[in-house]
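Asks: Contents of model.cif (mmCIF, C-alpha atoms):
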data_model
loop_
_atom_site.label_atom_id
_atom_site.label_comp_id
_atom_site.auth_asym_id
_atom_site.auth_seq_id
_atom_site.Cartn_x
_atom_site.Cartn_y
_atom_site.Cartn_z
CA MET A 141 -1.41 -23.93 2.06
CA ASN A 142 -3.74 -21.82 -0.10
CA ASP A 143 -7.48 -21.55 -0.35
CA ALA A 144 -9.43 -20.53 -3.43
CA THR A 145 -11.41 -17.33 -3.60
CA ASN A 146 -14.87 -17.18 -5.09
CA SER A 147 -13.29 -16.05 -8.35
CA ASP A 148 -10.97 -19.09 -8.39
CA LEU A 149 -7.95 -16.89 -7.73
CA ARG A 150 -5.70 -18.29 -5.03
CA ARG A 151 -5.43 -16.15 -1.94
CA GLY A 152 -2.18 -16.07 -0.03
CA TRP A 153 -0.72 -15.12 3.32
CA THR A 154 0.75 -11.84 4.50
CA THR A 155 4.30 -11.34 5.70
CA GLY A 156 2.80 -10.93 9.18
CA ALA A 157 1.14 -14.35 9.01
CA CYS A 158 4.39 -15.94 7.81
CA ALA A 159 6.35 -14.26 10.60
CA THR A 160 3.81 -15.46 13.17
CA ALA A 161 4.07 -19.04 11.94
CA ALA A 162 7.87 -18.85 11.98
CA THR A 163 7.76 -17.47 15.53
CA LYS A 164 5.60 -20.33 16.74
CA ALA A 165 7.79 -23.01 15.15
CA ALA A 166 10.98 -21.41 16.47
CA LEU A 167 9.55 -21.21 20.00
CA MET A 168 8.71 -24.92 19.89
CA ARG A 169 12.41 -25.64 19.38
CA LEU A 170 13.70 -22.93 21.75
CA TRP A 171 11.62 -24.26 24.61
CA GLY A 172 12.75 -27.83 24.40
CA GLY A 173 10.81 -29.43 21.58
CA ALA A 174 11.71 -30.35 18.03
CA PHE A 175 11.22 -28.37 14.85
CA PRO A 176 7.95 -29.41 13.19
CA LYS A 177 7.81 -30.10 9.46
CA GLU A 178 4.92 -27.66 9.20
CA ILE A 179 3.20 -25.29 11.55
CA GLY A 180 -0.38 -24.06 11.89
CA ILE A 181 -1.58 -20.76 13.32
CA THR A 182 -4.93 -19.09 13.91
CA LEU A 183 -5.49 -15.78 12.12
CA PRO A 184 -7.50 -12.86 13.56
CA LYS A 185 -10.71 -13.93 11.78
CA GLY A 186 -10.34 -17.60 12.69
CA GLU A 187 -8.68 -19.07 9.59
CA THR A 188 -6.11 -21.77 10.36
CA PRO A 189 -3.47 -21.94 7.62
CA VAL A 190 -0.59 -24.40 7.79
CA PHE A 191 2.92 -23.44 6.62
CA PRO A 192 5.80 -25.77 5.70
CA LEU A 193 9.16 -24.78 7.16
CA ALA A 194 11.75 -23.67 4.60
CA LEU A 195 14.55 -23.07 7.14
CA ALA A 196 15.25 -24.42 10.63
CA GLU A 197 18.37 -23.58 12.66
CA VAL A 198 19.20 -23.62 16.36
CA GLY A 199 21.97 -22.51 18.69
CA THR A 200 22.53 -21.76 22.36
CA GLY A 201 19.67 -19.58 23.52
CA TRP A 202 18.12 -19.08 20.08
CA ALA A 203 16.15 -20.80 17.34
CA ARG A 204 15.44 -19.68 13.78
CA VAL A 205 12.71 -20.60 11.29
CA GLY A 206 12.05 -19.41 7.76
CA ILE A 207 8.71 -19.52 5.92
CA THR A 208 8.47 -18.90 2.18
CA LYS A 209 5.73 -16.37 1.50
CA ASP A 210 3.06 -17.44 -0.96
CA ALA A 211 0.93 -14.45 -1.96
CA GLY A 212 -1.40 -16.63 -4.01
CA ASP A 213 -2.42 -14.99 -7.27
CA ASP A 214 -1.76 -11.46 -6.01
CA PRO A 215 1.05 -9.57 -7.82
CA ASP A 216 2.91 -8.99 -4.54
CA VAL A 217 6.61 -8.02 -4.60
CA THR A 218 7.23 -10.25 -1.58
CA HIS A 219 5.79 -13.39 -3.21
CA GLY A 220 8.43 -16.10 -2.83
CA ALA A 221 10.44 -14.15 -0.25
CA LEU A 222 11.80 -16.00 2.78
CA ILE A 223 10.39 -14.57 6.01
CA VAL A 224 12.85 -15.49 8.76
CA VAL A 225 12.29 -15.20 12.50
CA THR A 226 14.97 -15.69 15.13
CA VAL A 227 13.74 -16.00 18.72
CA LYS A 228 16.09 -15.48 21.65
CA THR A 229 15.62 -15.56 25.38
CA SER A 230 15.46 -12.03 26.81
CA GLY A 231 15.12 -10.25 30.10
CA GLY A 232 11.51 -9.15 30.17
CA GLY A 233 8.48 -9.47 27.95
CA VAL A 234 8.38 -9.55 24.16
CA CYS A 235 10.55 -7.18 22.14
CA PHE A 236 11.00 -6.87 18.38
CA ALA A 237 14.10 -6.32 16.25
CA ALA A 238 14.61 -5.63 12.56
CA GLY A 239 16.98 -8.06 10.92
CA GLU A 240 18.31 -8.03 7.38
CA GLY A 241 15.79 -6.66 4.90
CA VAL A 242 13.25 -5.35 7.43
CA GLY A 243 12.95 -1.59 7.64
CA THR A 244 13.07 0.88 10.48
CA VAL A 245 10.56 3.72 10.89
CA THR A 246 12.17 7.16 10.52
CA LYS A 247 9.12 9.44 10.12
CA ALA A 248 6.19 10.13 12.42
CA GLY A 249 2.63 9.44 11.30
CA LEU A 250 2.83 5.66 10.96
CA PRO A 251 1.21 3.28 13.46
CA ILE A 252 4.70 2.32 14.70
CA GLY A 253 6.92 4.85 16.45
CA VAL A 254 10.07 6.39 15.03
CA GLY A 255 13.09 4.14 15.56
CA GLU A 256 10.99 0.98 15.78
CA PRO A 257 11.22 -2.01 13.44
CA ALA A 258 8.63 -1.73 10.68
CA ILE A 259 6.47 -4.53 12.05
CA ASN A 260 2.87 -3.38 12.05
CA PRO A 261 0.57 -3.58 15.09
CA VAL A 262 -1.52 -6.58 14.02
CA PRO A 263 1.50 -8.81 13.21
CA ARG A 264 3.07 -7.73 16.49
CA GLN A 265 -0.07 -8.73 18.36
CA MET A 266 -0.25 -12.05 16.50
CA MET A 267 3.34 -12.85 17.48
CA GLN A 268 2.79 -11.75 21.08
CA ASP A 269 -0.27 -14.00 21.26
CA VAL A 270 1.80 -16.94 19.99
CA VAL A 271 4.47 -16.23 22.63
CA ALA A 272 1.83 -16.23 25.37
CA GLU A 273 0.28 -19.46 24.04
CA MET A 274 3.59 -21.30 23.71
CA ALA A 275 4.91 -20.02 27.06
CA ALA A 276 1.83 -21.36 28.84
CA GLN A 277 2.11 -24.73 27.10
CA ASN A 278 5.80 -25.09 27.97
CA ASN A 279 5.71 -23.48 31.43
CA CYS A 280 8.27 -20.87 30.33
CA PRO A 281 8.37 -17.13 31.00
CA PRO A 282 7.13 -15.19 27.95
CA ASP A 283 10.39 -13.26 27.66
CA VAL A 284 11.74 -13.36 24.10
CA GLU A 285 13.26 -11.13 21.46
CA ILE A 286 11.71 -11.67 18.05
CA GLU A 287 13.97 -10.64 15.18
CA VAL A 288 12.33 -10.65 11.76
CA SER A 289 14.41 -10.62 8.60
CA VAL A 290 13.77 -10.95 4.87
CA PRO A 291 16.91 -11.78 2.86
CA GLY A 292 16.93 -9.45 -0.12
CA GLY A 293 14.23 -7.30 1.46
CA GLU A 294 16.12 -4.03 1.14
CA ALA A 295 16.12 -4.35 -2.66
CA LEU A 296 12.47 -5.44 -2.70
CA ALA A 297 11.51 -2.42 -0.60
CA LEU A 298 12.61 -0.11 -3.40
CA LYS A 299 9.61 -1.43 -5.37
CA THR A 300 7.22 -0.43 -2.57
CA TRP A 301 6.13 2.87 -0.99
CA ASN A 302 8.37 2.32 2.05
CA PRO A 303 11.14 4.80 1.14
CA ARG A 304 8.58 7.57 0.61
CA LEU A 305 6.89 6.77 3.93
CA GLY A 306 10.19 7.05 5.76
CA ILE A 307 10.73 3.32 6.29
CA LYS A 308 14.43 2.80 5.68
CA GLY A 309 16.49 -0.31 5.12
CA GLY A 310 13.87 -2.81 4.05
CA LEU A 311 10.31 -4.04 3.97
CA SER A 312 7.44 -3.71 6.39
CA ILE A 313 5.92 -6.77 8.05
CA LEU A 314 2.27 -6.22 7.19
CA GLY A 315 -1.21 -7.63 7.49
CA THR A 316 -4.46 -6.97 9.31
CA THR A 317 -6.18 -10.30 8.62
CA GLY A 318 -3.18 -12.44 7.69
CA ILE A 319 -4.70 -13.06 4.26
CA VAL A 320 -3.63 -11.63 0.91
CA ARG A 321 -6.72 -11.34 -1.27
CA PRO A 322 -5.79 -11.29 -4.96
CA PHE A 323 -5.81 -7.90 -6.61
CA SER A 324 -7.37 -6.25 -3.60
CA CYS A 325 -7.60 -2.44 -3.64
CA ALA A 326 -7.50 -2.27 0.15
CA ALA A 327 -3.72 -2.46 0.54
CA TRP A 328 -3.16 0.32 -2.01
CA ILE A 329 -5.73 2.62 -0.40
CA ALA A 330 -4.28 1.89 3.05
CA SER A 331 -0.87 2.98 1.75
CA ILE A 332 -2.37 6.23 0.46
CA HIS A 333 -3.83 6.84 3.92
CA ARG A 334 -0.47 6.18 5.58
CA GLY A 335 1.16 8.61 3.17
CA ILE A 336 -1.32 11.30 4.23
CA ASP A 337 -0.64 10.50 7.90
CA VAL A 338 3.11 10.88 7.38
CA ALA A 339 2.69 14.15 5.48
CA ARG A 340 0.48 15.60 8.22
CA ALA A 341 2.81 14.46 10.99
CA ASP A 342 5.70 16.15 9.18
CA GLY A 343 3.75 19.38 8.96
CA LEU A 344 3.45 19.46 5.17
CA THR A 345 0.92 21.96 3.82
CA HIS A 346 0.95 20.78 0.19
CA VAL A 347 0.70 17.24 -1.17
CA ALA A 348 -0.04 15.78 -4.59
CA GLY A 349 -1.75 12.66 -5.84
CA CYS A 350 -1.08 11.51 -9.40
CA THR A 351 -2.34 8.76 -11.64
CA GLY A 352 1.05 7.48 -12.76
CA ALA A 353 4.81 7.93 -12.83
CA THR A 354 4.91 10.46 -15.68
CA SER A 355 2.33 12.78 -14.16
CA GLU A 356 3.97 12.41 -10.76
CA ALA A 357 7.37 13.49 -12.09
CA THR A 358 5.80 16.49 -13.84
CA VAL A 359 3.79 17.62 -10.81
CA GLN A 360 6.66 17.11 -8.38
CA ALA A 361 8.95 19.27 -10.53
CA LEU A 362 6.23 21.87 -11.11
CA CYS A 363 5.42 22.28 -7.42
CA GLY A 364 8.86 21.60 -5.95
CA LEU A 365 7.51 18.95 -3.57
CA PRO A 366 9.58 16.45 -1.54
CA ASP A 367 9.12 12.73 -2.13
CA HIS A 368 6.95 12.19 0.94
CA ALA A 369 4.50 14.83 -0.29
CA MET A 370 3.75 12.65 -3.34
CA LEU A 371 0.81 10.36 -2.56
CA ASP A 372 0.55 7.18 -4.62
CA MET A 373 -3.00 7.88 -5.71
CA GLY A 374 -3.05 5.82 -8.92
CA ASP A 375 -6.68 5.18 -9.87
CA PHE A 376 -7.93 5.70 -6.31
CA ALA A 377 -8.81 9.39 -6.33
CA GLY A 378 -11.80 8.71 -4.10
CA GLY A 379 -9.76 6.73 -1.58
CA MET A 380 -7.35 9.65 -1.30
CA LEU A 381 -9.91 12.45 -1.28
CA LYS A 382 -12.30 10.87 1.21
CA TYR A 383 -9.46 10.41 3.69
CA LEU A 384 -8.25 13.96 3.11
CA VAL A 385 -11.68 15.34 3.97
CA LYS A 386 -11.33 13.77 7.43
CA ASN A 387 -7.58 14.46 7.66
CA PRO A 388 -7.10 17.68 5.69
CA ILE A 389 -3.94 19.18 4.27
CA ALA A 390 -4.07 22.81 3.14
CA ARG A 391 -3.33 22.27 -0.56
CA VAL A 392 -3.77 19.18 -2.72
CA THR A 393 -2.68 18.92 -6.34
CA ILE A 394 -4.13 16.18 -8.54
CA GLY A 395 -2.21 15.30 -11.69
CA GLY A 396 -2.80 12.85 -14.48
CA GLY A 397 -3.20 12.09 -18.13
CA ILE A 398 -6.16 13.43 -20.04
CA GLY A 399 -8.13 10.15 -19.93
CA LYS A 400 -8.06 9.80 -16.14
CA ILE A 401 -8.68 13.48 -15.49
CA THR A 402 -11.61 13.44 -17.95
CA LYS A 403 -13.24 10.72 -15.87
CA LEU A 404 -12.59 12.76 -12.73
CA ALA A 405 -14.18 15.77 -14.45
CA GLN A 406 -17.22 13.63 -15.27
CA GLY A 407 -17.69 12.66 -11.63
CA ALA A 408 -15.79 9.36 -11.33
CA VAL A 409 -13.49 8.89 -8.35
CA ASP A 410 -12.37 5.34 -9.21
CA LEU A 411 -10.39 5.98 -12.38
CA HIS A 412 -9.59 2.38 -13.31
CA SER A 413 -10.52 1.50 -16.89
CA GLY A 414 -12.54 -1.48 -15.71
CA ARG A 415 -14.65 0.59 -13.31
CA SER A 416 -15.27 3.90 -15.08
CA GLN A 417 -15.40 5.07 -18.68
CA VAL A 418 -15.21 8.38 -20.52
CA ASP A 419 -18.57 9.68 -21.71
CA PHE A 420 -17.67 10.87 -25.21
CA GLU A 421 -21.07 12.41 -25.91
CA ALA A 422 -20.63 14.62 -22.85
CA LEU A 423 -17.05 15.33 -23.85
CA ALA A 424 -18.20 16.45 -27.30
CA LYS A 425 -20.62 18.92 -25.70
CA LEU A 426 -17.83 20.21 -23.47
CA ALA A 427 -15.56 20.64 -26.49
CA ASP A 428 -18.40 22.11 -28.57
CA ASN A 429 -17.18 19.79 -31.31
CA PRO A 430 -19.40 16.91 -32.50
CA LYS A 431 -16.40 15.06 -33.95
CA VAL A 432 -15.22 14.33 -30.40
CA ALA A 433 -18.23 12.04 -29.87
CA SER A 434 -16.70 9.50 -32.29
CA ALA A 435 -13.28 9.46 -30.58
CA ASN A 436 -12.06 6.15 -29.18
CA THR A 437 -9.99 7.68 -26.38
CA ALA A 438 -9.72 10.96 -24.52
CA LEU A 439 -6.30 11.40 -26.10
CA GLU A 440 -7.88 11.16 -29.55
CA ALA A 441 -10.50 13.68 -28.44
CA PHE A 442 -7.69 16.01 -27.42
CA GLU A 443 -6.02 15.53 -30.81
CA ILE A 444 -9.33 16.48 -32.47
CA ALA A 445 -10.18 19.46 -30.29
CA GLY A 446 -6.80 20.72 -29.09
CA THR A 447 -5.60 22.33 -25.90
CA ASP A 448 -8.82 24.26 -25.44
CA LEU A 449 -10.47 20.92 -24.55
CA SER A 450 -7.75 19.87 -22.09
CA GLN A 451 -8.07 23.21 -20.30
CA LYS A 452 -11.85 22.78 -20.09
CA ILE A 453 -11.30 19.28 -18.67
CA ALA A 454 -8.96 20.69 -16.01
CA ASN A 455 -11.55 23.34 -15.09
CA HIS A 456 -14.39 20.81 -14.86
CA ALA A 457 -12.26 18.35 -12.86
CA LEU A 458 -11.52 21.10 -10.35
CA GLN A 459 -15.22 21.96 -10.11
CA ALA A 460 -16.14 18.29 -9.60
CA VAL A 461 -13.55 17.80 -6.86
CA GLU A 462 -14.46 21.02 -5.07
CA ALA A 463 -18.17 20.23 -5.23
CA ARG A 464 -17.74 16.83 -3.67
CA PHE A 465 -14.74 17.27 -1.36
CA GLY A 466 -14.49 21.01 -0.74
CA SER A 467 -16.12 20.94 2.69
CA ALA A 468 -12.77 20.44 4.46
CA GLY A 469 -11.42 23.82 3.32
CA ILE A 470 -8.70 22.28 1.17
CA THR A 471 -7.36 24.26 -1.79
CA PHE A 472 -7.31 21.96 -4.82
CA ASP A 473 -5.60 22.29 -8.15
CA ILE A 474 -5.56 20.08 -11.24
CA VAL A 475 -2.72 19.41 -13.68
CA VAL A 476 -3.38 17.59 -16.97
CA ILE A 477 -0.39 16.22 -18.86
CA ASP A 478 0.25 14.47 -22.15
CA ARG A 479 2.21 11.24 -22.59
CA ALA A 480 5.49 13.14 -22.81
CA GLY A 481 4.85 14.81 -19.47
CA ARG A 482 3.99 18.22 -20.91
CA ILE A 483 1.29 20.24 -19.14
CA ILE A 484 -1.73 20.68 -21.40
CA GLY A 485 -4.23 21.94 -18.84
CA ARG A 486 -4.10 23.44 -15.37
CA ALA A 487 -6.75 24.77 -13.03
CA GLY A 488 -6.69 26.09 -9.49
CA ALA A 489 -3.91 27.38 -7.28
#
Spell out the structure here as structure tokens.
Replies:
Amino acid sequence: MNDATNSDLRRGWTTGACATAATKAALMRLWGGAFPKEIGITLPKGETPVFPLALAEVGTGWARVGITKDAGDDPDVTHGALIVVTVKTSGGGVCFAAGEGVGTVTKAGLPIGVGEPAINPVPRQMMQDVVAEMAAQNNCPPDVEIEVSVPGGEALALKTWNPRLGIKGGLSILGTTGIVRPFSCAAWIASIHRGIDVARADGLTHVAGCTGATSEATVQALCGLPDHAMLDMGDFAGGMLKYLVKNPIARVTIGGGIGKITKLAQGAVDLHSGRSQVDFEALAKLADNPKVASANTALEAFEIAGTDLSQKIANHALQAVEARFGSAGITFDIVVIDRAGRIIGRAGA
């Protein structure tokens, strides 16, 4: 069921691909055939994965199929989850319903309207295409309700950004290509963008992006922001800031530990340790302390030079962000924290 990537990491399949496969297999049974042992589908870019059925049930006017999601080598919270689709005859066209463990949209700004099941546009289109294909093959009207459920999905959703985005009661059925590429940054950055969309749609004038849970808690308390104003920036400062330039919000606070904010101050916008490093020679010049050049970490540099350095880092980070992303008229501010969540540097609003 899985293909290898060039790096020998197994790729997997999105919840949307699993739901599409389950829909196709369930329609085969609903419209007079038998359940297959496995089912193949065609993804938007032409890949043709095959999925074994993990569940197959039928009753009067309905059929149900479950597919176990394999996310490959990606650390996906839905890896191993059962994606269940129940298809029922309906009165007109294709409609979607959220079953157990699939969320409902409660905030504007997402690609699905408020009150709708959290099944994203591409998976919806994939399932609608399968309905049209199977209806033509079986000479049946393409009039079905597709209910998607994920047993245990409501608990899994608490480990995702769904609650903050206003998706209540469970997971989203996701995917734009049908493929989960291991350790891809794209899904994270897409979630940041959706968070900005939701904040704008709700009329928020102040949001914050932080590098981790400790800095997020500190900044949220400092600024008195609601949950949906907190963008899950992580290491992707550039992914957040580039989208904000095109979709501005009046005030943006960036918070993080001294190591990440030092890299931001030195011009990096991807703050991951594998993709950017602190320049300690430059940091020593900023601190006006040659001992800093021999530090192993920015935290050690701070311990050598003290809070004067962390304040200089905050100031330089603000200058770097404003120089690169200030064209949209956004007011930026920077908050630097230590490991205990104490503020050790602050610049801006």
Asks: Counting all atoms listed in the file, figure out which residue out of A:Pro263, A:Pro176, A:Gly407, A:Gly231 gets nearest to Leu195 in chain A.
Replies: A:Pro176
Asks: Do a neighbour search on Arg464 in chain A at 10 Å with only C-alpha atoms, toss out local chain neighbours closer than 2 positions, and write the hits as a CSV table (one decimal) with C-alpha atoms, in the coordinates of the input.
Replies:
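So the final result, stored in out.csv, reads:
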chain,number,residue,atom,x,y,z
A,381,LEU,CA,-9.9,12.4,-1.3
A,382,LYS,CA,-12.3,10.9,1.2
A,385,VAL,CA,-11.7,15.3,4.0
A,407,GLY,CA,-17.7,12.7,-11.6
A,459,GLN,CA,-15.2,22.0,-10.1
A,460,ALA,CA,-16.1,18.3,-9.6
A,461,VAL,CA,-13.6,17.8,-6.9
A,462,GLU,CA,-14.5,21.0,-5.1
A,466,GLY,CA,-14.5,21.0,-0.7
A,467,SER,CA,-16.1,20.9,2.7
Asks: I'd like to know which of A:Pro192, A:Gly396, A:Gly239, A:Gly199 is closest to Arg479 in chain A, using only C-alpha atoms.
Replies: A:Gly396
Asks: Care to translate the PyMOL selection byres ((chain A and resi 348-364) around 10) into actual residues of this file, as a ChimeraX atom specification?
Replies: /A:332,336,346-347,365-377,380-381,391-397,400-401,411-412,472-483
Asks: Would you mind reading off the distance between CA of Gly378 in chain A and CA of Leu296 in chain A, one decimal, in Å?
Replies: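 Straight-line distance from CA of Gly378 in chain A to CA of Leu296 in chain A works out to 28.1 Å.
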Asks: I need the output of the PyMOL selection byres ((chain A and resi 191) around 9) for this file as a PDB file with C-alpha atoms, in the frame of the given file; which residues are they?
Replies:
ATOM      1  CA  MET A 141      -1.410 -23.930   2.060  1.00  0.00           C
ATOM      2  CA  CYS A 158       4.390 -15.940   7.810  1.00  0.00           C
ATOM      3  CA  ALA A 161       4.070 -19.040  11.940  1.00  0.00           C
ATOM      4  CA  ALA A 162       7.870 -18.850  11.980  1.00  0.00           C
ATOM      5  CA  LYS A 177       7.810 -30.100   9.460  1.00  0.00           C
ATOM      6  CA  GLU A 178       4.920 -27.660   9.200  1.00  0.00           C
ATOM      7  CA  ILE A 179       3.200 -25.290  11.550  1.00  0.00           C
ATOM      8  CA  GLY A 180      -0.380 -24.060  11.890  1.00  0.00           C
ATOM      9  CA  ILE A 181      -1.580 -20.760  13.320  1.00  0.00           C
ATOM     10  CA  PRO A 189      -3.470 -21.940   7.620  1.00  0.00           C
ATOM     11  CA  VAL A 190      -0.590 -24.400   7.790  1.00  0.00           C
ATOM     12  CA  PRO A 192       5.800 -25.770   5.700  1.00  0.00           C
ATOM     13  CA  LEU A 193       9.160 -24.780   7.160  1.00  0.00           C
ATOM     14  CA  ILE A 207       8.710 -19.520   5.920  1.00  0.00           C
ATOM     15  CA  THR A 208       8.470 -18.900   2.180  1.00  0.00           C
TER      16      THR A 208
END
Asks: Compile the contact shell of range 425-438 of chain A as a PyMOL selection string: residues with an atom at most 10 Å away, counting only C-alpha atoms, same-chain residues fewer than 4 positions apart removed.
Replies: chain A and resi 397-403+417-421+442-446+448-450+452-453+456
Asks: Grab the CA of Asp337 in chain A to CA of Lys209 in chain A distance for me, in Å with one decimal place.
Replies: 28.3 Å
Asks: Could you expand the PyMOL selection byres ((chain A and resi 240) around 9) into the explicit residues it covers here, written as a list in words?
Replies: Ala238, Gly239, Gly241, Val242, Gly243, Val288, Ser289, Val290, Pro291, Gly292, Gly293, Glu294, Gly309 and Gly310 of chain A
Asks: Rounded to one decimal place, report the CA of Ala424 in chain A-CA of Leu458 in chain A distance in Å.
Replies: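 Value for the CA of Ala424 in chain A-CA of Leu458 in chain A distance: 18.8 Å.
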